[in-house]
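Enquirer: Handing over entry.csv, CSV, C-alpha atoms.
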```csv
chain,number,residue,atom,x,y,z
A,1,MET,CA,94.1,101.3,135.6
A,2,ARG,CA,92.8,98.7,138.0
A,3,LYS,CA,90.5,97.4,135.4
A,4,TYR,CA,93.4,96.9,133.0
A,5,LEU,CA,95.3,95.1,135.6
A,6,ILE,CA,92.4,92.7,136.4
A,7,SER,CA,91.7,92.0,132.8
A,8,SER,CA,95.3,91.4,131.9
A,9,VAL,CA,95.7,89.0,134.8
A,10,PHE,CA,92.5,87.3,133.7
A,11,LEU,CA,93.9,87.0,130.1
A,12,LEU,CA,97.2,85.7,131.4
A,13,ALA,CA,95.4,83.1,133.4
A,14,ILE,CA,93.3,82.0,130.4
A,15,THR,CA,96.3,81.8,128.1
A,16,SER,CA,98.3,79.8,130.6
A,17,ILE,CA,95.4,77.4,131.1
A,18,ILE,CA,95.1,76.9,127.3
A,19,TYR,CA,98.8,76.7,127.0
A,20,SER,CA,99.2,74.1,129.7
A,21,CYS,CA,96.3,72.1,128.3
A,22,GLN,CA,98.0,72.1,124.9
A,23,SER,CA,101.3,71.1,126.4
A,24,GLN,CA,99.5,68.5,128.4
A,25,GLU,CA,98.1,66.9,125.3
A,26,LYS,CA,101.5,67.2,123.6
A,27,MET,CA,103.0,65.4,126.6
A,28,ASP,CA,100.3,62.8,126.5
A,29,LEU,CA,101.2,62.3,122.8
A,30,GLN,CA,104.8,61.9,123.6
A,31,ASN,CA,104.1,59.5,126.4
A,32,TYR,CA,101.7,57.4,124.3
A,33,ILE,CA,104.2,57.2,121.5
A,34,ALA,CA,106.9,56.1,123.9
A,35,SER,CA,104.8,53.4,125.5
A,36,GLY,CA,103.3,52.5,122.2
A,37,ARG,CA,106.7,51.9,120.7
A,38,ASP,CA,107.5,49.3,123.4
A,39,ILE,CA,104.2,47.5,122.7
A,40,TYR,CA,104.8,47.7,119.0
A,41,ILE,CA,108.3,46.1,119.4
A,42,ALA,CA,106.9,43.4,121.6
A,43,LYS,CA,103.7,42.5,119.7
A,44,CYS,CA,103.7,43.9,116.2
A,45,GLN,CA,107.2,44.3,114.8
A,46,ASN,CA,107.7,40.7,114.0
A,47,CYS,CA,105.1,40.9,111.3
A,48,HIS,CA,104.9,44.6,110.4
A,49,GLY,CA,108.7,45.3,110.6
A,50,GLU,CA,110.9,47.8,112.3
A,51,LYS,CA,110.0,50.5,109.8
A,52,GLY,CA,106.4,49.4,109.3
A,53,GLU,CA,107.5,47.8,106.0
A,54,GLY,CA,105.4,44.6,106.4
A,55,LEU,CA,106.6,41.2,105.4
A,56,GLY,CA,106.1,40.2,101.7
A,57,GLU,CA,102.5,39.3,101.1
A,58,LEU,CA,102.3,37.8,104.6
A,59,ALA,CA,101.8,41.1,106.4
A,60,PRO,CA,100.9,44.5,105.0
A,61,PRO,CA,103.0,47.6,105.6
A,62,LEU,CA,101.7,50.3,107.9
A,63,THR,CA,103.0,53.1,105.7
A,64,ASP,CA,99.8,53.6,103.6
A,65,SER,CA,98.8,56.9,105.2
A,66,LEU,CA,95.6,57.1,103.2
A,67,PHE,CA,94.5,53.6,104.4
A,68,ILE,CA,95.3,54.5,108.0
A,69,LYS,CA,93.4,57.8,107.7
A,70,ALA,CA,90.4,56.2,106.1
A,71,ASN,CA,90.3,53.3,108.6
A,72,LYS,CA,91.2,55.1,111.7
A,73,SER,CA,88.1,54.2,113.6
A,74,ARG,CA,88.5,50.5,112.8
A,75,LEU,CA,92.1,50.2,113.9
A,76,ALA,CA,91.2,49.4,117.5
A,77,CYS,CA,89.0,46.6,116.3
A,78,PHE,CA,91.8,45.2,114.2
A,79,VAL,CA,94.1,45.1,117.1
A,80,LYS,CA,91.7,43.8,119.8
A,81,ASN,CA,89.9,41.3,117.6
A,82,GLY,CA,92.3,40.5,114.8
A,83,VAL,CA,91.7,40.8,111.1
A,84,ASN,CA,90.1,38.1,109.0
A,85,GLU,CA,88.9,39.9,105.9
A,86,PRO,CA,90.8,41.0,102.8
A,87,LEU,CA,92.3,44.5,103.0
A,88,VAL,CA,93.8,46.6,100.2
A,89,VAL,CA,97.0,48.4,101.3
A,90,HIS,CA,99.1,50.4,98.9
A,91,GLY,CA,96.9,49.0,96.1
A,92,LYS,CA,97.7,45.4,97.0
A,93,GLU,CA,95.2,43.0,98.3
A,94,TYR,CA,96.1,41.0,101.5
A,95,LYS,CA,94.2,37.9,102.4
A,96,GLU,CA,96.0,36.8,105.5
A,97,LYS,CA,94.9,36.6,109.1
A,98,MET,CA,96.1,39.0,111.8
A,99,PRO,CA,95.9,37.5,115.3
A,100,ALA,CA,93.7,39.2,118.0
A,101,PHE,CA,95.4,40.9,121.0
A,102,PRO,CA,92.6,40.6,123.6
A,103,GLU,CA,95.3,40.8,126.3
A,104,LEU,CA,95.9,44.5,125.5
A,105,THR,CA,94.0,47.0,127.6
A,106,ASN,CA,92.2,49.9,126.0
A,107,ILE,CA,94.9,52.3,127.1
A,108,GLU,CA,97.6,50.0,125.6
A,109,VAL,CA,95.6,49.8,122.4
A,110,ALA,CA,95.4,53.6,122.3
A,111,GLN,CA,99.2,53.8,122.9
A,112,VAL,CA,100.2,51.4,120.2
A,113,LEU,CA,97.8,53.0,117.8
A,114,VAL,CA,99.1,56.5,118.6
A,115,PHE,CA,102.5,55.1,117.9
A,116,ILE,CA,101.8,53.6,114.5
A,117,THR,CA,99.5,56.5,113.4
A,118,ASN,CA,102.3,59.0,114.1
A,119,SER,CA,105.2,56.9,112.7
A,120,PHE,CA,106.1,55.4,109.3
A,121,GLY,CA,105.0,58.6,107.5
A,122,ASN,CA,101.6,58.8,109.3
A,123,LYS,CA,100.6,61.9,111.2
A,124,GLU,CA,97.2,61.4,112.8
A,125,GLY,CA,97.9,63.1,116.1
A,126,PHE,CA,96.4,62.0,119.4
A,127,TYR,CA,93.9,59.2,120.0
A,128,SER,CA,92.5,58.7,123.5
A,129,TYR,CA,91.6,55.5,125.3
A,130,ASP,CA,88.0,56.8,125.6
A,131,GLN,CA,87.9,56.8,121.8
A,132,VAL,CA,89.2,53.2,121.8
A,133,SER,CA,86.2,52.1,123.9
A,134,ALA,CA,83.8,54.0,121.7
A,135,ASP,CA,85.4,52.5,118.5
A,136,LEU,CA,85.3,49.0,120.0
A,137,ILE,CA,81.5,49.2,120.4
A,138,ASP,CA,81.1,49.6,116.7
A,139,CYS,CA,83.4,46.7,115.7
A,140,ARG,CA,81.0,44.2,114.3
A,141,LYS,CA,79.4,46.1,111.5
B,1,MET,CA,167.1,52.5,122.1
B,2,ASN,CA,166.4,49.3,123.9
B,3,LYS,CA,162.9,50.4,124.6
B,4,ILE,CA,162.2,51.0,121.0
B,5,ILE,CA,163.5,47.5,120.0
B,6,ILE,CA,161.3,45.9,122.7
B,7,THR,CA,158.2,47.8,121.7
B,8,THR,CA,158.7,47.1,118.0
B,9,SER,CA,159.2,43.4,118.6
B,10,ILE,CA,156.2,43.2,120.8
B,11,CYS,CA,154.1,45.0,118.2
B,12,LEU,CA,155.5,42.7,115.5
B,13,THR,CA,154.7,39.6,117.5
B,14,LEU,CA,151.2,40.8,118.1
B,15,ILE,CA,150.6,41.6,114.4
B,16,ILE,CA,152.0,38.2,113.3
B,17,SER,CA,150.0,36.3,115.8
B,18,LEU,CA,146.8,38.2,115.0
B,19,SER,CA,147.2,37.7,111.3
B,20,SER,CA,148.0,34.0,111.7
B,21,CYS,CA,144.9,33.7,113.9
B,22,GLN,CA,142.8,35.1,111.1
B,23,GLN,CA,144.3,32.7,108.6
B,24,ASP,CA,143.2,29.5,110.2
B,25,LYS,CA,140.0,30.9,111.5
B,26,LYS,CA,137.7,27.9,111.7
B,27,LEU,CA,134.3,27.4,113.0
B,28,PRO,CA,133.7,25.0,115.9
B,29,PHE,CA,132.0,21.6,115.5
B,30,TYR,CA,128.7,21.2,117.5
B,31,GLY,CA,127.2,18.1,119.1
B,32,GLU,CA,128.7,14.8,120.1
B,33,ARG,CA,132.0,13.6,118.9
B,34,HIS,CA,134.0,10.4,119.4
B,35,ALA,CA,137.4,9.1,118.4
B,36,GLU,CA,137.6,6.4,115.8
B,37,THR,CA,140.4,4.4,114.2
B,38,VAL,CA,140.3,4.9,110.5
B,39,ARG,CA,142.7,3.9,107.6
B,40,ASP,CA,143.9,6.8,105.5
B,41,ALA,CA,144.4,6.5,101.7
B,42,ALA,CA,147.7,4.7,102.2
B,43,GLY,CA,146.1,2.2,104.4
B,44,ILE,CA,147.8,3.4,107.6
B,45,GLU,CA,145.7,3.3,110.7
B,46,LYS,CA,145.2,6.5,112.6
B,47,ILE,CA,142.9,8.0,115.2
B,48,ASP,CA,140.3,10.5,113.9
B,49,THR,CA,137.6,12.5,115.5
B,50,VAL,CA,134.1,11.8,114.2
B,51,TYR,CA,131.7,14.7,114.6
B,52,GLN,CA,128.0,14.6,114.9
B,53,THR,CA,126.5,14.2,111.4
B,54,ILE,CA,123.1,14.9,110.1
B,55,PRO,CA,121.7,11.5,109.0
B,56,ASN,CA,120.1,10.8,105.6
B,57,TRP,CA,116.7,12.4,105.3
B,58,SER,CA,113.7,12.3,103.0
B,59,PHE,CA,110.8,14.7,103.1
B,60,LEU,CA,108.3,16.3,100.7
B,61,ASN,CA,109.1,19.7,99.4
B,62,GLN,CA,106.7,22.6,98.7
B,63,ASP,CA,106.0,21.1,95.2
B,64,SER,CA,105.1,17.7,96.8
B,65,VAL,CA,108.3,16.2,95.4
B,66,VAL,CA,110.3,13.7,97.5
B,67,THR,CA,113.4,15.5,98.5
B,68,THR,CA,116.4,14.0,100.2
B,69,ASN,CA,119.8,15.0,101.6
B,70,LYS,CA,121.2,14.8,98.1
B,71,LEU,CA,119.8,18.3,97.7
B,72,THR,CA,122.2,19.7,100.2
B,73,ASP,CA,125.1,17.2,100.2
B,74,GLY,CA,128.4,19.0,99.3
B,75,LYS,CA,126.8,22.4,100.1
B,76,VAL,CA,126.6,24.7,103.0
B,77,TYR,CA,123.1,25.0,104.3
B,78,ILE,CA,121.0,26.7,106.9
B,79,ALA,CA,118.2,24.7,108.5
B,80,ASP,CA,115.4,25.9,110.7
B,81,PHE,CA,112.0,24.8,112.1
B,82,PHE,CA,108.9,26.9,111.8
B,83,PHE,CA,105.2,26.7,110.8
B,84,THR,CA,103.1,28.9,108.5
B,85,SER,CA,100.5,30.0,111.1
B,86,CYS,CA,103.1,30.9,113.7
B,87,THR,CA,102.4,34.5,114.8
B,88,THR,CA,105.3,35.0,117.2
B,89,ILE,CA,108.9,34.3,116.4
B,90,CYS,CA,108.7,32.8,112.9
B,91,PRO,CA,107.9,36.0,111.0
B,92,THR,CA,111.0,37.6,112.6
B,93,MET,CA,113.2,34.6,111.9
B,94,HIS,CA,112.2,34.5,108.3
B,95,ARG,CA,112.5,38.2,107.8
B,96,ASN,CA,116.1,37.9,109.1
B,97,LEU,CA,116.8,34.7,107.1
B,98,LEU,CA,115.5,36.5,104.0
B,99,THR,CA,118.4,39.0,104.3
B,100,VAL,CA,120.9,36.1,104.4
B,101,TYR,CA,119.2,34.5,101.4
B,102,ASN,CA,119.5,37.8,99.5
B,103,ASP,CA,123.1,38.4,100.6
B,104,PHE,CA,124.1,35.0,99.1
B,105,GLN,CA,121.8,35.0,96.1
B,106,ASN,CA,124.6,34.5,93.7
B,107,ASN,CA,126.1,31.5,95.5
B,108,PRO,CA,124.4,28.2,94.6
B,109,ASP,CA,126.5,26.5,97.3
B,110,VAL,CA,124.6,28.2,100.1
B,111,MET,CA,121.1,26.6,100.6
B,112,PHE,CA,118.2,27.1,102.9
B,113,VAL,CA,116.0,24.3,104.3
B,114,SER,CA,113.0,25.2,106.5
B,115,HIS,CA,111.0,22.3,108.1
B,116,THR,CA,107.5,22.8,109.2
B,117,ILE,CA,106.6,21.4,112.6
B,118,ASP,CA,102.8,21.7,111.9
B,119,PHE,CA,102.2,18.2,110.5
B,120,LYS,CA,98.4,18.8,110.6
B,121,TYR,CA,98.0,21.9,108.6
B,122,ASP,CA,101.2,22.7,106.7
B,123,LYS,CA,100.8,20.3,103.8
B,124,PRO,CA,103.1,21.1,100.8
B,125,SER,CA,100.4,23.3,99.2
B,126,ALA,CA,100.4,25.5,102.3
B,127,LEU,CA,104.2,25.7,102.3
B,128,LYS,CA,104.1,26.6,98.6
B,129,LYS,CA,101.7,29.5,99.3
B,130,TYR,CA,103.8,30.6,102.2
B,131,ALA,CA,107.0,30.6,100.3
B,132,LYS,CA,105.5,32.6,97.5
B,133,LYS,CA,104.1,35.2,99.9
B,134,LEU,CA,107.4,35.5,101.7
B,135,GLY,CA,108.9,36.2,98.2
B,136,VAL,CA,110.9,33.0,97.8
B,137,GLU,CA,110.9,31.1,94.5
B,138,GLY,CA,113.4,28.6,93.1
B,139,PRO,CA,115.4,25.8,94.5
B,140,ARG,CA,117.8,27.6,96.8
B,141,TRP,CA,115.3,27.8,99.7
B,142,THR,CA,113.3,24.6,100.2
B,143,PHE,CA,110.4,24.1,102.5
B,144,LEU,CA,109.9,20.6,103.8
B,145,TYR,CA,107.0,18.6,105.1
B,146,GLY,CA,107.3,15.3,107.0
B,147,SER,CA,105.5,13.1,109.5
B,148,LYS,CA,105.5,14.3,113.1
B,149,ASP,CA,107.9,11.6,114.2
B,150,SER,CA,110.4,12.2,111.4
B,151,ILE,CA,110.5,16.0,111.8
B,152,TYR,CA,110.6,16.1,115.6
B,153,THR,CA,113.3,13.4,115.7
B,154,ILE,CA,115.6,15.1,113.2
B,155,ALA,CA,115.0,18.5,115.0
B,156,GLU,CA,115.9,17.3,118.4
B,157,LYS,CA,118.4,14.5,117.8
B,158,SER,CA,120.2,15.8,114.7
B,159,TYR,CA,119.9,19.6,114.6
B,160,LEU,CA,119.6,20.0,118.3
B,161,VAL,CA,116.6,22.3,118.2
B,162,ALA,CA,113.8,21.8,120.7
B,163,VAL,CA,110.3,21.6,119.2
B,164,GLY,CA,107.0,20.3,120.5
B,165,GLU,CA,103.2,20.6,120.6
B,166,ASP,CA,101.9,22.7,123.5
B,167,ASN,CA,98.2,23.5,124.0
B,168,LYS,CA,99.1,26.4,126.2
B,169,ALA,CA,101.3,28.1,123.7
B,170,LYS,CA,99.7,30.9,121.7
B,171,ASP,CA,99.7,29.0,118.3
B,172,GLY,CA,99.7,25.4,119.7
B,173,TYR,CA,103.5,24.7,119.3
B,174,ILE,CA,106.7,25.7,121.0
B,175,HIS,CA,110.0,25.7,119.3
B,176,GLN,CA,113.3,27.4,119.3
B,177,GLY,CA,114.2,29.9,116.7
B,178,TYR,CA,117.6,28.7,115.9
B,179,LEU,CA,119.2,28.9,112.4
B,180,VAL,CA,121.5,25.9,112.2
B,181,LEU,CA,124.6,26.2,110.0
B,182,VAL,CA,125.6,22.9,108.4
B,183,ASP,CA,128.8,22.3,106.4
B,184,LYS,CA,129.5,20.3,103.2
B,185,ASP,CA,130.0,17.2,105.3
B,186,ARG,CA,126.7,17.5,107.2
B,187,HIS,CA,128.4,18.6,110.4
B,188,ILE,CA,126.8,21.4,112.5
B,189,ARG,CA,129.1,24.4,112.6
B,190,GLY,CA,126.9,27.1,114.2
B,191,ALA,CA,123.5,27.9,115.7
B,192,TYR,CA,122.1,31.4,115.7
B,193,ASP,CA,119.0,32.9,117.3
B,194,GLY,CA,117.1,33.9,114.2
B,195,THR,CA,115.1,36.5,116.0
B,196,LYS,CA,118.3,38.6,116.9
B,197,VAL,CA,119.8,40.7,114.1
B,198,GLU,CA,123.3,40.6,115.7
B,199,GLN,CA,123.3,36.8,115.6
B,200,VAL,CA,122.1,36.7,112.1
B,201,ASP,CA,124.9,39.1,111.1
B,202,GLN,CA,127.3,36.7,112.7
B,203,LEU,CA,125.7,33.9,110.7
B,204,LYS,CA,126.5,35.8,107.5
B,205,LYS,CA,130.1,36.2,108.5
B,206,ASP,CA,130.4,32.5,109.5
B,207,ILE,CA,128.9,31.4,106.2
B,208,SER,CA,131.8,33.2,104.4
B,209,ILE,CA,134.3,31.6,106.8
B,210,LEU,CA,132.8,28.2,106.1
B,211,LEU,CA,132.9,28.7,102.4
B,212,ALA,CA,136.5,29.7,102.6
B,213,GLU,CA,137.5,26.7,104.8
B,214,LYS,CA,139.8,24.2,103.1
B,215,LYS,CA,138.2,20.9,102.5
```
Could you spell out this file's structure in structure tokens?

Expert:
Amino acid sequence: MRKYLISSVFLLAITSIIYSCQSQEKMDLQNYIASGRDIYIAKCQNCHGEKGEGLGELAPPLTDSLFIKANKSRLACFVKNGVNEPLVVHGKEYKEKMPAFPELTNIEVAQVLVFITNSFGNKEGFYSYDQVSADLIDCRK
Amino acid sequence: MNKIIITTSICLTLIISLSSCQQDKKLPFYGERHAETVRDAAGIEKIDTVYQTIPNWSFLNQDSVVTTNKLTDGKVYIADFFFTSCTTICPTMHRNLLTVYNDFQNNPDVMFVSHTIDFKYDKPSALKKYAKKLGVEGPRWTFLYGSKDSIYTIAEKSYLVAVGEDNKAKDGYIHQGYLVLVDKDRHIRGAYDGTKVEQVDQLKKDISILLAEKK
């Protein structure tokens, strides 16, 4: 009887730890999305649009989920250093320049990226600021 | 009984005054004005108000063709100041202006005139590329290039929009994102912040009012 009790308490503890971890990550996700939305409105929406629709051939849309998925590890570099190479988005080639945002901290980069990669039809989940630092090391390749 | 009569009459007056308001709804005139003595058609002298008027202008358009105020004379037009490498307010301004352009696409009496303030880089060929990428082709929306002096003077003195070079600004220039509404007689009738959707919606309404104004 006692054994049962101990093991069930133990189990309960484990599940609650796992559960709280999960909801912690979910909360982080929600927080990042909320802060990221503010950064997006302030810094990105002028070019990429309220619904991520882009602006003619001047700025590509952020709605190409396949592009986003395939280039996920490069997105931090795009934001921090700007883009000055042709990109193919939704099958169309863009040859414009995107400005760099060196003033954004790694956590802000993570927040705005979590926002865009979980909006406009994208669903990439969480992306931590540690990952931003890691991705930024590999930028110039 | 008395009460009913009073309320109905109040209501009636309200309705009448409201509807009469709507009938002669006119847009204000912007800028300086002065009184002048003029002779009317019959040669009788009278005092008239002269409103600020956009002077004659002549710039190169995106096809490198000399373009003058003849393009817009007798039409309602919206003027703005921007530059193609602007990464801050210009994309928003032109995204919003594009909705106005599309709303009035069947009306050749509504024109759009965008002046670049980047006299170094935005030569007509750069403007042409920009227009195409924005999705604008045809004569209704013209992009104009001029010398620094001519553009900066017409911006500040005539259209009342502040522009300037600034090394500290993100893209090297500072300017206001106004969309300036000009009537058939070259008077300024409205100025709207092109980065704010509500103001751009107001611009759309005001264009219709201006088109309906009696000449």

Enquirer: At a cut-off of 12 Å, can you tabulate as JSON lines every residue of chain A near chain B together with its closest atom pair and the distance in Å to one decimal, using only C-alpha atoms and ordering rows by chain then number?

Expert:
```
{"residue": "A:Ile41", "atom": "CA", "partner": "B:Thr92", "partner_atom": "CA", "distance": 11.2}
{"residue": "A:Ala42", "atom": "CA", "partner": "B:Thr88", "partner_atom": "CA", "distance": 9.6}
{"residue": "A:Lys43", "atom": "CA", "partner": "B:Thr88", "partner_atom": "CA", "distance": 8.1}
{"residue": "A:Cys44", "atom": "CA", "partner": "B:Thr88", "partner_atom": "CA", "distance": 9.1}
{"residue": "A:Gln45", "atom": "CA", "partner": "B:Thr92", "partner_atom": "CA", "distance": 8.0}
{"residue": "A:Asn46", "atom": "CA", "partner": "B:Thr92", "partner_atom": "CA", "distance": 4.7}
{"residue": "A:Cys47", "atom": "CA", "partner": "B:Pro91", "partner_atom": "CA", "distance": 5.7}
{"residue": "A:His48", "atom": "CA", "partner": "B:Pro91", "partner_atom": "CA", "distance": 9.1}
{"residue": "A:Gly49", "atom": "CA", "partner": "B:Thr92", "partner_atom": "CA", "distance": 8.3}
{"residue": "A:Glu50", "atom": "CA", "partner": "B:Thr92", "partner_atom": "CA", "distance": 10.2}
{"residue": "A:Glu53", "atom": "CA", "partner": "B:Arg95", "partner_atom": "CA", "distance": 11.0}
{"residue": "A:Gly54", "atom": "CA", "partner": "B:Arg95", "partner_atom": "CA", "distance": 9.7}
{"residue": "A:Leu55", "atom": "CA", "partner": "B:Leu134", "partner_atom": "CA", "distance": 6.8}
{"residue": "A:Gly56", "atom": "CA", "partner": "B:Leu134", "partner_atom": "CA", "distance": 4.9}
{"residue": "A:Glu57", "atom": "CA", "partner": "B:Lys133", "partner_atom": "CA", "distance": 4.6}
{"residue": "A:Leu58", "atom": "CA", "partner": "B:Lys133", "partner_atom": "CA", "distance": 5.7}
{"residue": "A:Ala59", "atom": "CA", "partner": "B:Lys133", "partner_atom": "CA", "distance": 9.1}
{"residue": "A:Pro60", "atom": "CA", "partner": "B:Lys133", "partner_atom": "CA", "distance": 11.1}
{"residue": "A:Gly82", "atom": "CA", "partner": "B:Thr87", "partner_atom": "CA", "distance": 11.7}
{"residue": "A:Glu93", "atom": "CA", "partner": "B:Lys133", "partner_atom": "CA", "distance": 11.9}
{"residue": "A:Tyr94", "atom": "CA", "partner": "B:Lys133", "partner_atom": "CA", "distance": 10.0}
{"residue": "A:Lys95", "atom": "CA", "partner": "B:Lys133", "partner_atom": "CA", "distance": 10.6}
{"residue": "A:Glu96", "atom": "CA", "partner": "B:Ser85", "partner_atom": "CA", "distance": 9.9}
{"residue": "A:Lys97", "atom": "CA", "partner": "B:Ser85", "partner_atom": "CA", "distance": 8.9}
{"residue": "A:Met98", "atom": "CA", "partner": "B:Thr87", "partner_atom": "CA", "distance": 8.3}
{"residue": "A:Pro99", "atom": "CA", "partner": "B:Thr87", "partner_atom": "CA", "distance": 7.2}
{"residue": "A:Ala100", "atom": "CA", "partner": "B:Thr87", "partner_atom": "CA", "distance": 10.4}
{"residue": "A:Phe101", "atom": "CA", "partner": "B:Lys170", "partner_atom": "CA", "distance": 10.9}
{"residue": "A:Glu103", "atom": "CA", "partner": "B:Lys170", "partner_atom": "CA", "distance": 11.8}
```

Enquirer: Which polymer residues, whether protein, DNA or RNA, lie within 10 Å of the coordinate (119.8, 26.2, 111.7) when you count all atoms listed in the file? List them as a PyMOL selection string, using the chain letters and numbers from the file.

Expert: chain B and resi 77-81+112-114+155+159-161+177-182+188-194+203

Enquirer: Interatomic distance between atom CA of B:Gly138 and atom CA of B:Glu198?

Expert: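 Those two atoms sit 27.4 Å apart.
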
Enquirer: Between atom CA of A:Thr117 and atom CA of A:Lys72, measure the distance and give it in Å to one decimal.

Expert: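 Interatomic distance, atom CA of A:Thr117 to atom CA of A:Lys72: 8.6 Å.
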
Enquirer: Closest to B:Leu27 among B:Thr99, B:His175, B:His187, B:Asp201, using all atoms listed in the file?

Expert: B:His187

Enquirer: Could you list, as a short mmCIF file (atom, residue, chain, number, x, y, z; two decimals) with C-alpha atoms, in the coordinates of the input, every residue within 10 Å of A:Phe120, counting only C-alpha atoms and ignoring same-chain residues fewer than 3 positions away?

Expert:
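What ended up in out-v1.cif:
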```cif
data_model
loop_
_atom_site.label_atom_id
_atom_site.label_comp_id
_atom_site.auth_asym_id
_atom_site.auth_seq_id
_atom_site.Cartn_x
_atom_site.Cartn_y
_atom_site.Cartn_z
CA GLU A 50 110.90 47.80 112.30
CA LYS A 51 110.00 50.50 109.80
CA GLY A 52 106.40 49.40 109.30
CA GLU A 53 107.50 47.80 106.00
CA PRO A 61 103.00 47.60 105.60
CA LEU A 62 101.70 50.30 107.90
CA THR A 63 103.00 53.10 105.70
CA ASP A 64 99.80 53.60 103.60
CA SER A 65 98.80 56.90 105.20
CA PHE A 115 102.50 55.10 117.90
CA ILE A 116 101.80 53.60 114.50
CA THR A 117 99.50 56.50 113.40
CA LYS A 123 100.60 61.90 111.20
#
```

Enquirer: Which distance in Å separates atom CA of B:Lys46 and atom CA of B:Lys184, to one decimal?

Expert: 22.9 Å

Enquirer: Please return, as an mmCIF file with C-alpha atoms, in the coordinates of the input, all polymer residues that have at least one atom within 12 Å of the point (97.4, 56.1, 120.4); use only C-alpha atoms and the file's own coordinate frame.

Expert:
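Output file point24.cif follows:
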```cif
data_model
loop_
_atom_site.group_PDB
_atom_site.id
_atom_site.type_symbol
_atom_site.label_atom_id
_atom_site.label_comp_id
_atom_site.auth_asym_id
_atom_site.auth_seq_id
_atom_site.Cartn_x
_atom_site.Cartn_y
_atom_site.Cartn_z
ATOM 1 C CA GLU A 25 98.100 66.900 125.300
ATOM 2 C CA ASP A 28 100.300 62.800 126.500
ATOM 3 C CA LEU A 29 101.200 62.300 122.800
ATOM 4 C CA GLN A 30 104.800 61.900 123.600
ATOM 5 C CA ASN A 31 104.100 59.500 126.400
ATOM 6 C CA TYR A 32 101.700 57.400 124.300
ATOM 7 C CA ILE A 33 104.200 57.200 121.500
ATOM 8 C CA ALA A 34 106.900 56.100 123.900
ATOM 9 C CA SER A 35 104.800 53.400 125.500
ATOM 10 C CA GLY A 36 103.300 52.500 122.200
ATOM 11 C CA ARG A 37 106.700 51.900 120.700
ATOM 12 C CA ILE A 39 104.200 47.500 122.700
ATOM 13 C CA TYR A 40 104.800 47.700 119.000
ATOM 14 C CA LYS A 72 91.200 55.100 111.700
ATOM 15 C CA SER A 73 88.100 54.200 113.600
ATOM 16 C CA LEU A 75 92.100 50.200 113.900
ATOM 17 C CA ALA A 76 91.200 49.400 117.500
ATOM 18 C CA VAL A 79 94.100 45.100 117.100
ATOM 19 C CA ASN A 106 92.200 49.900 126.000
ATOM 20 C CA ILE A 107 94.900 52.300 127.100
ATOM 21 C CA GLU A 108 97.600 50.000 125.600
ATOM 22 C CA VAL A 109 95.600 49.800 122.400
ATOM 23 C CA ALA A 110 95.400 53.600 122.300
ATOM 24 C CA GLN A 111 99.200 53.800 122.900
ATOM 25 C CA VAL A 112 100.200 51.400 120.200
ATOM 26 C CA LEU A 113 97.800 53.000 117.800
ATOM 27 C CA VAL A 114 99.100 56.500 118.600
ATOM 28 C CA PHE A 115 102.500 55.100 117.900
ATOM 29 C CA ILE A 116 101.800 53.600 114.500
ATOM 30 C CA THR A 117 99.500 56.500 113.400
ATOM 31 C CA ASN A 118 102.300 59.000 114.100
ATOM 32 C CA SER A 119 105.200 56.900 112.700
ATOM 33 C CA LYS A 123 100.600 61.900 111.200
ATOM 34 C CA GLU A 124 97.200 61.400 112.800
ATOM 35 C CA GLY A 125 97.900 63.100 116.100
ATOM 36 C CA PHE A 126 96.400 62.000 119.400
ATOM 37 C CA TYR A 127 93.900 59.200 120.000
ATOM 38 C CA SER A 128 92.500 58.700 123.500
ATOM 39 C CA TYR A 129 91.600 55.500 125.300
ATOM 40 C CA ASP A 130 88.000 56.800 125.600
ATOM 41 C CA GLN A 131 87.900 56.800 121.800
ATOM 42 C CA VAL A 132 89.200 53.200 121.800
#
```

Enquirer: Starting from the incomplete input, reconstruct N, CA, C and O atoms of stretch 56-61 of chain B and report them as a PDB file, in the coordinates of the input.

Expert:
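Produced file out00.pdb, reproduced below:
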```pdb
ATOM      1  N   ASN B  56     120.902  10.693 106.857  1.00  0.00           N
ATOM      2  CA  ASN B  56     120.100  10.800 105.600  1.00  0.00           C
ATOM      3  C   ASN B  56     118.673  11.194 105.968  1.00  0.00           C
ATOM      4  O   ASN B  56     118.143  10.783 106.991  1.00  0.00           O
ATOM      5  N   TRP B  57     118.090  11.993 105.109  1.00  0.00           N
ATOM      6  CA  TRP B  57     116.700  12.400 105.300  1.00  0.00           C
ATOM      7  C   TRP B  57     115.920  12.364 104.018  1.00  0.00           C
ATOM      8  O   TRP B  57     116.527  12.404 102.925  1.00  0.00           O
ATOM      9  N   SER B  58     114.610  12.299 104.142  1.00  0.00           N
ATOM     10  CA  SER B  58     113.700  12.300 103.000  1.00  0.00           C
ATOM     11  C   SER B  58     112.392  12.886 103.373  1.00  0.00           C
ATOM     12  O   SER B  58     111.715  12.341 104.235  1.00  0.00           O
ATOM     13  N   PHE B  59     112.053  14.030 102.776  1.00  0.00           N
ATOM     14  CA  PHE B  59     110.800  14.700 103.100  1.00  0.00           C
ATOM     15  C   PHE B  59     110.146  15.152 101.765  1.00  0.00           C
ATOM     16  O   PHE B  59     110.763  15.088 100.702  1.00  0.00           O
ATOM     17  N   LEU B  60     108.893  15.665 101.872  1.00  0.00           N
ATOM     18  CA  LEU B  60     108.300  16.300 100.700  1.00  0.00           C
ATOM     19  C   LEU B  60     108.572  17.748 100.678  1.00  0.00           C
ATOM     20  O   LEU B  60     108.511  18.410 101.718  1.00  0.00           O
ATOM     21  N   ASN B  61     108.881  18.289  99.489  1.00  0.00           N
ATOM     22  CA  ASN B  61     109.100  19.700  99.400  1.00  0.00           C
ATOM     23  C   ASN B  61     107.796  20.455  99.077  1.00  0.00           C
ATOM     24  O   ASN B  61     106.737  19.836  98.976  1.00  0.00           O
TER      25      ASN B  61
END
```
